[in-house]
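work_0.pdb (PDB, C-alpha atoms)
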MODEL        1
ATOM      1  CA  MET A   1      13.635 -15.060  -7.238
ATOM      2  CA  ASP A   2      15.520 -12.264  -5.484
ATOM      3  CA  LEU A   3      13.129  -9.345  -5.920
ATOM      4  CA  LYS A   4      15.583  -6.892  -4.335
ATOM      5  CA  LYS A   5      17.605  -7.101  -7.560
ATOM      6  CA  PHE A   6      14.641  -5.395  -9.263
ATOM      7  CA  VAL A   7      14.310  -2.520  -6.750
ATOM      8  CA  ARG A   8      16.411   0.554  -7.540
ATOM      9  CA  ASP A   9      17.583   2.929  -4.796
ATOM     10  CA  ILE A  10      17.234   6.637  -5.614
ATOM     11  CA  PRO A  11      19.035   8.826  -3.036
ATOM     12  CA  ASP A  12      17.633  12.221  -2.019
ATOM     13  CA  PHE A  13      14.210  11.731  -3.619
ATOM     14  CA  PRO A  14      11.729  13.330  -3.167
ATOM     15  CA  VAL A  15      13.805  15.346  -0.674
ATOM     16  CA  LYS A  16      17.390  15.246   0.611
ATOM     17  CA  GLY A  17      18.035  12.414   3.049
ATOM     18  CA  ILE A  18      15.332  10.071   1.711
ATOM     19  CA  ILE A  19      16.271   6.883  -0.145
ATOM     20  CA  PHE A  20      13.414   6.165  -2.543
ATOM     21  CA  ARG A  21      12.854   2.457  -3.273
ATOM     22  CA  ASP A  22      11.918   2.488  -6.955
ATOM     23  CA  VAL A  23       9.859  -0.525  -8.065
ATOM     24  CA  THR A  24       9.627   0.448 -11.738
ATOM     25  CA  PRO A  25      12.397  -2.016 -12.759
ATOM     26  CA  LEU A  26      10.369  -4.760 -11.023
ATOM     27  CA  LEU A  27       7.213  -3.706 -12.866
ATOM     28  CA  LYS A  28       9.104  -3.745 -16.170
ATOM     29  CA  SER A  29      10.019  -7.410 -15.718
ATOM     30  CA  PRO A  30       6.987  -9.671 -16.354
ATOM     31  CA  GLN A  31       8.579 -12.462 -14.308
ATOM     32  CA  ALA A  32       9.474 -10.257 -11.332
ATOM     33  CA  PHE A  33       6.092  -8.505 -11.312
ATOM     34  CA  LYS A  34       4.218 -11.821 -11.448
ATOM     35  CA  PHE A  35       6.430 -13.271  -8.729
ATOM     36  CA  ALA A  36       5.880 -10.213  -6.514
ATOM     37  CA  VAL A  37       2.082 -10.394  -6.835
ATOM     38  CA  ASP A  38       2.150 -14.163  -6.297
ATOM     39  CA  GLU A  39       4.239 -13.672  -3.135
ATOM     40  CA  MET A  40       1.804 -11.074  -1.822
ATOM     41  CA  ALA A  41      -1.057 -13.519  -2.440
ATOM     42  CA  ARG A  42       0.890 -16.315  -0.732
ATOM     43  CA  ILE A  43       1.520 -14.372   2.481
ATOM     44  CA  LEU A  44      -2.190 -13.474   2.605
ATOM     45  CA  SER A  45      -3.536 -16.998   2.065
ATOM     46  CA  ASP A  46      -4.914 -17.181   5.625
ATOM     47  CA  VAL A  47      -6.571 -13.725   5.626
ATOM     48  CA  SER A  48     -10.309 -13.413   5.029
ATOM     49  CA  PHE A  49     -11.385 -10.139   3.379
ATOM     50  CA  ASP A  50     -13.981  -8.710   0.998
ATOM     51  CA  CYS A  51     -12.087  -6.054  -0.974
ATOM     52  CA  ILE A  52      -8.720  -4.376  -1.455
ATOM     53  CA  VAL A  53      -8.146  -0.672  -0.810
ATOM     54  CA  SER A  54      -5.011   0.963  -2.242
ATOM     55  CA  PRO A  55      -3.618   4.485  -2.608
ATOM     56  CA  GLU A  56      -2.417   6.017  -5.839
ATOM     57  CA  ALA A  57      -0.162   5.595  -7.661
ATOM     58  CA  ARG A  58       1.974   2.478  -7.194
ATOM     59  CA  GLY A  59      -0.489   1.086  -4.672
ATOM     60  CA  PHE A  60      -3.009   0.903  -7.516
ATOM     61  CA  ILE A  61      -0.674  -1.328  -9.504
ATOM     62  CA  PHE A  62      -0.173  -3.917  -6.779
ATOM     63  CA  GLY A  63      -3.648  -3.635  -5.264
ATOM     64  CA  ALA A  64      -5.471  -4.037  -8.579
ATOM     65  CA  ALA A  65      -3.261  -6.956  -9.681
ATOM     66  CA  LEU A  66      -3.812  -8.683  -6.339
ATOM     67  CA  ALA A  67      -7.578  -8.023  -6.452
ATOM     68  CA  TYR A  68      -7.717  -9.597  -9.912
ATOM     69  CA  LYS A  69      -5.642 -12.606  -8.826
ATOM     70  CA  LEU A  70      -7.746 -13.202  -5.701
ATOM     71  CA  GLY A  71     -11.154 -12.394  -7.225
ATOM     72  CA  LYS A  72     -11.823  -9.404  -4.946
ATOM     73  CA  GLY A  73     -13.124  -5.888  -5.543
ATOM     74  CA  PHE A  74     -10.760  -2.932  -5.699
ATOM     75  CA  VAL A  75     -11.293   0.488  -4.063
ATOM     76  CA  PRO A  76      -9.017   3.407  -4.971
ATOM     77  CA  VAL A  77      -7.869   5.978  -2.438
ATOM     78  CA  ARG A  78      -6.791   9.211  -4.109
ATOM     79  CA  LYS A  79      -5.442  12.691  -3.598
ATOM     80  CA  PRO A  80      -8.036  15.482  -3.228
ATOM     81  CA  GLY A  81     -10.083  16.398  -6.275
ATOM     82  CA  LYS A  82      -9.505  13.142  -8.186
ATOM     83  CA  LEU A  83     -12.635  11.175  -7.250
ATOM     84  CA  PRO A  84     -15.873  12.194  -9.009
ATOM     85  CA  TYR A  85     -18.401  11.255  -6.308
ATOM     86  CA  GLU A  86     -18.974  12.301  -2.691
ATOM     87  CA  THR A  87     -15.809  11.665  -0.683
ATOM     88  CA  VAL A  88     -14.529  11.276   2.858
ATOM     89  CA  SER A  89     -11.123  12.910   3.499
ATOM     90  CA  LEU A  90      -8.281  12.594   5.970
ATOM     91  CA  GLU A  91      -5.095  14.667   6.338
ATOM     92  CA  TYR A  92      -1.998  12.896   7.681
ATOM     93  CA  GLN A  93       1.761  13.211   8.183
ATOM     94  CA  LEU A  94       4.331  11.800   5.751
ATOM     95  CA  GLU A  95       7.996  11.282   6.578
ATOM     96  CA  TYR A  96       8.683  14.457   4.564
ATOM     97  CA  GLY A  97       5.514  16.574   4.948
ATOM     98  CA  THR A  98       1.732  16.291   5.045
ATOM     99  CA  ALA A  99      -0.798  14.876   2.611
ATOM    100  CA  GLN A 100      -4.514  14.278   2.268
ATOM    101  CA  LEU A 101      -6.356  11.199   1.029
ATOM    102  CA  GLN A 102      -9.933  10.717  -0.113
ATOM    103  CA  ILE A 103     -12.183   7.719  -0.641
ATOM    104  CA  HIS A 104     -15.701   7.568  -2.069
ATOM    105  CA  ALA A 105     -18.255   7.826   0.725
ATOM    106  CA  ASP A 106     -19.972   4.615  -0.472
ATOM    107  CA  ALA A 107     -16.791   2.618  -1.186
ATOM    108  CA  ILE A 108     -16.892   0.512   1.981
ATOM    109  CA  GLU A 109     -19.998  -1.057   3.464
ATOM    110  CA  PRO A 110     -20.379  -1.242   7.257
ATOM    111  CA  GLY A 111     -18.786  -4.430   8.564
ATOM    112  CA  GLN A 112     -16.914  -5.100   5.316
ATOM    113  CA  LYS A 113     -13.452  -6.646   5.799
ATOM    114  CA  VAL A 114     -10.775  -4.721   3.935
ATOM    115  CA  LEU A 115      -7.215  -5.518   2.907
ATOM    116  CA  ILE A 116      -5.008  -2.435   2.500
ATOM    117  CA  VAL A 117      -2.287  -2.863  -0.150
ATOM    118  CA  ASP A 118       0.573  -0.553  -1.134
ATOM    119  CA  ASP A 119       4.029  -0.877  -2.636
ATOM    120  CA  VAL A 120       6.155   0.511   0.219
ATOM    121  CA  LEU A 121       5.617   0.750   3.971
ATOM    122  CA  ALA A 122       7.814   3.625   5.165
ATOM    123  CA  THR A 123       6.691   5.443   8.323
ATOM    124  CA  GLY A 124       3.213   3.918   8.223
ATOM    125  CA  GLY A 125       1.483   7.275   7.842
ATOM    126  CA  THR A 126      -0.340   6.498   4.600
ATOM    127  CA  ALA A 127      -1.410   3.045   5.773
ATOM    128  CA  GLU A 128      -2.611   4.432   9.104
ATOM    129  CA  ALA A 129      -4.608   7.142   7.308
ATOM    130  CA  ILE A 130      -6.225   4.592   4.988
ATOM    131  CA  GLY A 131      -7.077   2.419   7.988
ATOM    132  CA  LYS A 132      -8.795   5.400   9.597
ATOM    133  CA  LEU A 133     -10.730   6.131   6.386
ATOM    134  CA  VAL A 134     -11.885   2.495   6.206
ATOM    135  CA  GLN A 135     -12.989   2.578   9.847
ATOM    136  CA  LYS A 136     -14.704   5.952   9.354
ATOM    137  CA  LEU A 137     -16.885   4.256   6.731
ATOM    138  CA  GLY A 138     -17.655   1.342   9.077
ATOM    139  CA  GLY A 139     -15.233  -1.154   7.552
ATOM    140  CA  GLN A 140     -12.799  -3.431   9.359
ATOM    141  CA  VAL A 141      -9.134  -3.652   8.407
ATOM    142  CA  ALA A 142      -8.460  -7.388   8.010
ATOM    143  CA  ALA A 143      -4.754  -6.853   7.218
ATOM    144  CA  MET A 144      -2.255  -4.613   5.472
ATOM    145  CA  CYS A 145       0.112  -5.914   2.811
ATOM    146  CA  PHE A 146       3.152  -4.248   1.266
ATOM    147  CA  LEU A 147       5.766  -5.347  -1.217
ATOM    148  CA  ILE A 148       8.508  -3.479   0.693
ATOM    149  CA  GLU A 149       8.911  -2.528   4.354
ATOM    150  CA  LEU A 150      11.511   0.025   5.450
ATOM    151  CA  THR A 151      12.167  -1.456   8.895
ATOM    152  CA  TYR A 152      14.674   1.275   9.821
ATOM    153  CA  LEU A 153      11.752   3.756   9.944
ATOM    154  CA  ASN A 154       9.896   1.565  12.497
ATOM    155  CA  PRO A 155       6.518   1.681  10.714
ATOM    156  CA  ARG A 156       5.024  -1.122  12.798
ATOM    157  CA  GLU A 157       5.142   1.126  15.856
ATOM    158  CA  ARG A 158       2.595   3.374  14.176
ATOM    159  CA  LEU A 159       0.516   0.415  12.982
ATOM    160  CA  LYS A 160       0.179  -1.448  16.289
ATOM    161  CA  GLY A 161      -3.053  -3.404  16.359
ATOM    162  CA  TYR A 162      -2.988  -4.090  12.609
ATOM    163  CA  ASP A 163      -1.963  -7.346  10.943
ATOM    164  CA  VAL A 164       0.953  -6.126   8.764
ATOM    165  CA  ARG A 165       2.538  -8.365   6.129
ATOM    166  CA  THR A 166       5.439  -7.629   3.797
ATOM    167  CA  VAL A 167       7.396  -9.458   1.105
ATOM    168  CA  LEU A 168      10.725  -7.559   1.278
ATOM    169  CA  LYS A 169      12.404  -5.825   4.207
ATOM    170  CA  TYR A 170      15.125  -3.180   4.137
TER     171      TYR A 170
ENDMDL
END
Step by step, read the file and then write its structure as structure tokens.
Amino acid sequence: MDLKKFVRDIPDFPVKGIIFRDVTPLLKSPQAFKFAVDEMARILSDVSFDCIVSPEARGFIFGAALAYKLGKGFVPVRKPGKLPYETVSLEYQLEYGTAQLQIHADAIEPGQKVLIVDDVLATGGTAEAIGKLVQKLGGQVAAMCFLIELTYLNPRERLKGYDVRTVLKY
């Protein structure tokens, strides 16, 4: 299945000059969504990990579906003020500004192997920040997996040292 047929390009969103890769048409199609999650599982078949960590909002969709499929736990990473328990925070740079992420302080156990999952890998800033949060809690990043990689933004430069896997490349 050609998953790119289910990804819609939105120019100048969220700011001028950015082409947003919209996965909502893919999510709307049961066949495309299933195929996408199955492909993510396939490219991770040789990775050993204990749980999946994903950022809101679309990362939750793919991370939770993959956690269910693979029988792993799921840990949400959220924007400030959204998690009800004690958190650990990290501020980082986006391709169009700055942001902050939080994770529950007890979400990752020391030595736990973590898979980071998100929908799109753009500059690598969000993934790098999540990797730092995982390491701050004593976890190890086993790999990072994304449905889409925007190769023209060179995200792998920022993620050197991590095992990065993607299904689609633009």
Which residues, written as a list in words, have at least one atom at most 12 Å from A:Glu56, with all atoms listed in the file counted and residues fewer than 2 positions away on the same chain left out?
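My reading of the contact set: Val53, Ser54, Arg58, Gly59, Phe60, Ile61, Phe62, Gly63, Ala64, Val75, Pro76, Val77, Arg78, Lys79, Pro80, Lys82, Leu83, Gln100, Leu101, Gln102, Ile103, Val117, Asp118, Asp119, Val120, Thr126 and Ile130 of chain A.
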Of the candidates A:Glu149, A:Glu109, A:Glu157, A:Asp50, which shows the shortest atom-to-atom distance to A:Gln135, using all atoms listed in the file?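 Residue with the minimum atom-to-atom distance to A:Gln135: A:Glu109.
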What is the distance between atom CA of A:Asp9 and atom CA of A:Asp22, in Å to one decimal?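 Between these atoms lies a distance of 6.1 Å.
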Residue contacts of A:Ala67 (9 Å, only C-alpha atoms) excluding same-chain residues fewer than 6 positions away, as a PDB file with C-alpha atoms, keeping the file's coordinate frame:
ATOM      1  CA  CYS A  51     -12.087  -6.054  -0.974  1.00  0.00           C
ATOM      2  CA  ILE A  52      -8.720  -4.376  -1.455  1.00  0.00           C
ATOM      3  CA  GLY A  73     -13.124  -5.888  -5.543  1.00  0.00           C
ATOM      4  CA  PHE A  74     -10.760  -2.932  -5.699  1.00  0.00           C
TER       5      PHE A  74
END
Practice task
Could you expand the PyMOL selection byres ((chain A and resi 36) around 9) into the explicit residues it covers here, written as JSON, numbers by chain?
Solution key: {"A": [3, 26, 31, 32, 33, 34, 35, 37, 38, 39, 40, 41, 62, 147, 167]}
Take the PyMOL selection byres ((chain A and resi 21) around 9), run it mentally on this structure, and tell me the resulting residues as JSON, numbers by chain.
{"A": [7, 8, 9, 10, 11, 19, 20, 22, 23, 120, 148]}
Any chance you could work out the residue set of the PyMOL selection byres ((chain A and resi 86) around 7) here, as an MDAnalysis selection string?
chainID A and resid 85 87 104:105
Original post:
Could you pull the residues within 12 Å of A:Gly97, counting only C-alpha atoms, minus those fewer than 6 positions along the same chain, as a PyMOL selection string?
Top reply: chain A and resi 14-15+91+123+125-126
Legend entry - From A:Gly81, A:Pro110, A:Pro30, A:Gly71, residue lying nearest A:Val134 [only C-alpha atoms]: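 For A:Val134, the nearest of the given residues is A:Pro110.
The two atoms in question, atom CA of A:Thr166 and atom CA of A:Ile43, are spaced 7.9 Å apart.
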Of A:Leu137, A:Ser89, A:Thr24, A:Ile18, the one sitting nearest A:Ala57 when using only C-alpha atoms is A:Thr24
| task | Can you work out the spacing between atom CA of A:Thr151 and atom CA of A:Lys169 in Å, to one decimal? | result |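 Straight-line distance from atom CA of A:Thr151 to atom CA of A:Lys169 works out to 6.4 Å.
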Using only the atoms of stretch 86-92 of chain A listed in the file, plus 3 Å on each side, state the axis-aligned box centre and edge lengths in Å rounded to one decimal, as JSON.
{"center_x": -10.5, "center_y": 13.0, "center_z": 2.5, "size_x": 23.0, "size_y": 9.4, "size_z": 16.4}
ask   = For A:Leu168, which residue among A:Gln140, A:Lys16, A:Lys28, A:Leu150 is the nearest when counting all atoms listed in the file?
value =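 Looking only at the distances to A:Leu168, the closest residue turns out to be A:Leu150.
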Assuming the input is short of atoms at stretch 24-35 of chain A, produce all heavy atoms for that part as a PDB file, in the frame of the given file.
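Listed below is the output, part.pdb:
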ATOM      1  N   THR A  24       9.900   0.488 -10.298  1.00  0.00           N
ATOM      2  CA  THR A  24       9.627   0.448 -11.738  1.00  0.00           C
ATOM      3  C   THR A  24      10.451  -0.604 -12.481  1.00  0.00           C
ATOM      4  O   THR A  24       9.928  -1.212 -13.422  1.00  0.00           O
ATOM      5  CB  THR A  24       9.768   1.840 -12.406  1.00  0.00           C
ATOM      6  OG1 THR A  24      11.055   2.371 -12.143  1.00  0.00           O
ATOM      7  CG2 THR A  24       8.700   2.790 -11.899  1.00  0.00           C
ATOM      8  N   PRO A  25      11.705  -0.901 -12.098  1.00  0.00           N
ATOM      9  CA  PRO A  25      12.397  -2.016 -12.759  1.00  0.00           C
ATOM     10  C   PRO A  25      11.686  -3.358 -12.523  1.00  0.00           C
ATOM     11  O   PRO A  25      11.624  -4.209 -13.415  1.00  0.00           O
ATOM     12  CB  PRO A  25      13.789  -2.008 -12.133  1.00  0.00           C
ATOM     13  CG  PRO A  25      13.989  -0.594 -11.679  1.00  0.00           C
ATOM     14  CD  PRO A  25      12.619  -0.157 -11.215  1.00  0.00           C
ATOM     15  N   LEU A  26      11.128  -3.542 -11.334  1.00  0.00           N
ATOM     16  CA  LEU A  26      10.369  -4.760 -11.023  1.00  0.00           C
ATOM     17  C   LEU A  26       9.120  -4.843 -11.901  1.00  0.00           C
ATOM     18  O   LEU A  26       8.803  -5.896 -12.452  1.00  0.00           O
ATOM     19  CB  LEU A  26       9.999  -4.770  -9.541  1.00  0.00           C
ATOM     20  CG  LEU A  26       9.264  -5.994  -9.026  1.00  0.00           C
ATOM     21  CD1 LEU A  26       9.674  -6.291  -7.595  1.00  0.00           C
ATOM     22  CD2 LEU A  26       7.761  -5.822  -9.097  1.00  0.00           C
ATOM     23  N   LEU A  27       8.423  -3.730 -12.050  1.00  0.00           N
ATOM     24  CA  LEU A  27       7.213  -3.706 -12.866  1.00  0.00           C
ATOM     25  C   LEU A  27       7.521  -3.970 -14.339  1.00  0.00           C
ATOM     26  O   LEU A  27       6.697  -4.554 -15.050  1.00  0.00           O
ATOM     27  CB  LEU A  27       6.507  -2.356 -12.727  1.00  0.00           C
ATOM     28  CG  LEU A  27       5.983  -2.025 -11.331  1.00  0.00           C
ATOM     29  CD1 LEU A  27       5.504  -0.583 -11.283  1.00  0.00           C
ATOM     30  CD2 LEU A  27       4.892  -2.981 -10.912  1.00  0.00           C
ATOM     31  N   LYS A  28       8.688  -3.560 -14.774  1.00  0.00           N
ATOM     32  CA  LYS A  28       9.104  -3.745 -16.170  1.00  0.00           C
ATOM     33  C   LYS A  28       9.356  -5.217 -16.507  1.00  0.00           C
ATOM     34  O   LYS A  28       9.199  -5.631 -17.650  1.00  0.00           O
ATOM     35  CB  LYS A  28      10.375  -2.920 -16.418  1.00  0.00           C
ATOM     36  CG  LYS A  28      10.888  -2.961 -17.818  1.00  0.00           C
ATOM     37  CD  LYS A  28      12.132  -2.078 -17.932  1.00  0.00           C
ATOM     38  CE  LYS A  28      12.827  -2.286 -19.255  1.00  0.00           C
ATOM     39  NZ  LYS A  28      14.064  -1.502 -19.334  1.00  0.00           N
ATOM     40  N   SER A  29       9.735  -5.983 -15.517  1.00  0.00           N
ATOM     41  CA  SER A  29      10.019  -7.410 -15.718  1.00  0.00           C
ATOM     42  C   SER A  29       8.751  -8.231 -15.494  1.00  0.00           C
ATOM     43  O   SER A  29       8.264  -8.321 -14.364  1.00  0.00           O
ATOM     44  CB  SER A  29      11.094  -7.876 -14.735  1.00  0.00           C
ATOM     45  OG  SER A  29      11.151  -9.288 -14.704  1.00  0.00           O
ATOM     46  N   PRO A  30       8.206  -8.864 -16.543  1.00  0.00           N
ATOM     47  CA  PRO A  30       6.987  -9.671 -16.354  1.00  0.00           C
ATOM     48  C   PRO A  30       7.165 -10.763 -15.296  1.00  0.00           C
ATOM     49  O   PRO A  30       6.261 -11.013 -14.498  1.00  0.00           O
ATOM     50  CB  PRO A  30       6.728 -10.282 -17.725  1.00  0.00           C
ATOM     51  CG  PRO A  30       7.527  -9.489 -18.689  1.00  0.00           C
ATOM     52  CD  PRO A  30       8.670  -8.889 -17.923  1.00  0.00           C
ATOM     53  N   GLN A  31       8.337 -11.372 -15.265  1.00  0.00           N
ATOM     54  CA  GLN A  31       8.579 -12.462 -14.308  1.00  0.00           C
ATOM     55  C   GLN A  31       8.649 -11.932 -12.873  1.00  0.00           C
ATOM     56  O   GLN A  31       8.069 -12.524 -11.963  1.00  0.00           O
ATOM     57  CB  GLN A  31       9.886 -13.203 -14.653  1.00  0.00           C
ATOM     58  CG  GLN A  31       9.862 -13.904 -15.990  1.00  0.00           C
ATOM     59  CD  GLN A  31      10.186 -12.980 -17.170  1.00  0.00           C
ATOM     60  OE1 GLN A  31      10.623 -11.837 -17.009  1.00  0.00           O
ATOM     61  NE2 GLN A  31       9.936 -13.480 -18.368  1.00  0.00           N
ATOM     62  N   ALA A  32       9.351 -10.818 -12.675  1.00  0.00           N
ATOM     63  CA  ALA A  32       9.474 -10.257 -11.332  1.00  0.00           C
ATOM     64  C   ALA A  32       8.133  -9.723 -10.830  1.00  0.00           C
ATOM     65  O   ALA A  32       7.773  -9.929  -9.664  1.00  0.00           O
ATOM     66  CB  ALA A  32      10.531  -9.149 -11.312  1.00  0.00           C
ATOM     67  N   PHE A  33       7.387  -9.046 -11.706  1.00  0.00           N
ATOM     68  CA  PHE A  33       6.092  -8.505 -11.312  1.00  0.00           C
ATOM     69  C   PHE A  33       5.143  -9.633 -10.927  1.00  0.00           C
ATOM     70  O   PHE A  33       4.486  -9.592  -9.880  1.00  0.00           O
ATOM     71  CB  PHE A  33       5.517  -7.641 -12.430  1.00  0.00           C
ATOM     72  CG  PHE A  33       4.195  -6.986 -12.098  1.00  0.00           C
ATOM     73  CD1 PHE A  33       3.967  -6.401 -10.869  1.00  0.00           C
ATOM     74  CD2 PHE A  33       3.188  -6.943 -13.043  1.00  0.00           C
ATOM     75  CE1 PHE A  33       2.752  -5.783 -10.569  1.00  0.00           C
ATOM     76  CE2 PHE A  33       1.971  -6.340 -12.756  1.00  0.00           C
ATOM     77  CZ  PHE A  33       1.758  -5.760 -11.522  1.00  0.00           C
ATOM     78  N   LYS A  34       5.078 -10.665 -11.748  1.00  0.00           N
ATOM     79  CA  LYS A  34       4.218 -11.821 -11.448  1.00  0.00           C
ATOM     80  C   LYS A  34       4.633 -12.474 -10.135  1.00  0.00           C
ATOM     81  O   LYS A  34       3.796 -12.781  -9.290  1.00  0.00           O
ATOM     82  CB  LYS A  34       4.260 -12.835 -12.588  1.00  0.00           C
ATOM     83  CG  LYS A  34       3.348 -14.040 -12.353  1.00  0.00           C
ATOM     84  CD  LYS A  34       3.409 -15.017 -13.507  1.00  0.00           C
ATOM     85  CE  LYS A  34       2.447 -16.174 -13.377  1.00  0.00           C
ATOM     86  NZ  LYS A  34       2.205 -16.685 -12.054  1.00  0.00           N
ATOM     87  N   PHE A  35       5.931 -12.655  -9.953  1.00  0.00           N
ATOM     88  CA  PHE A  35       6.430 -13.271  -8.729  1.00  0.00           C
ATOM     89  C   PHE A  35       6.069 -12.427  -7.511  1.00  0.00           C
ATOM     90  O   PHE A  35       5.659 -12.957  -6.470  1.00  0.00           O
ATOM     91  CB  PHE A  35       7.950 -13.474  -8.811  1.00  0.00           C
ATOM     92  CG  PHE A  35       8.520 -14.240  -7.659  1.00  0.00           C
ATOM     93  CD1 PHE A  35       8.441 -15.626  -7.609  1.00  0.00           C
ATOM     94  CD2 PHE A  35       9.126 -13.578  -6.605  1.00  0.00           C
ATOM     95  CE1 PHE A  35       8.960 -16.340  -6.531  1.00  0.00           C
ATOM     96  CE2 PHE A  35       9.647 -14.272  -5.525  1.00  0.00           C
ATOM     97  CZ  PHE A  35       9.569 -15.659  -5.487  1.00  0.00           C
TER      98      PHE A  35
END
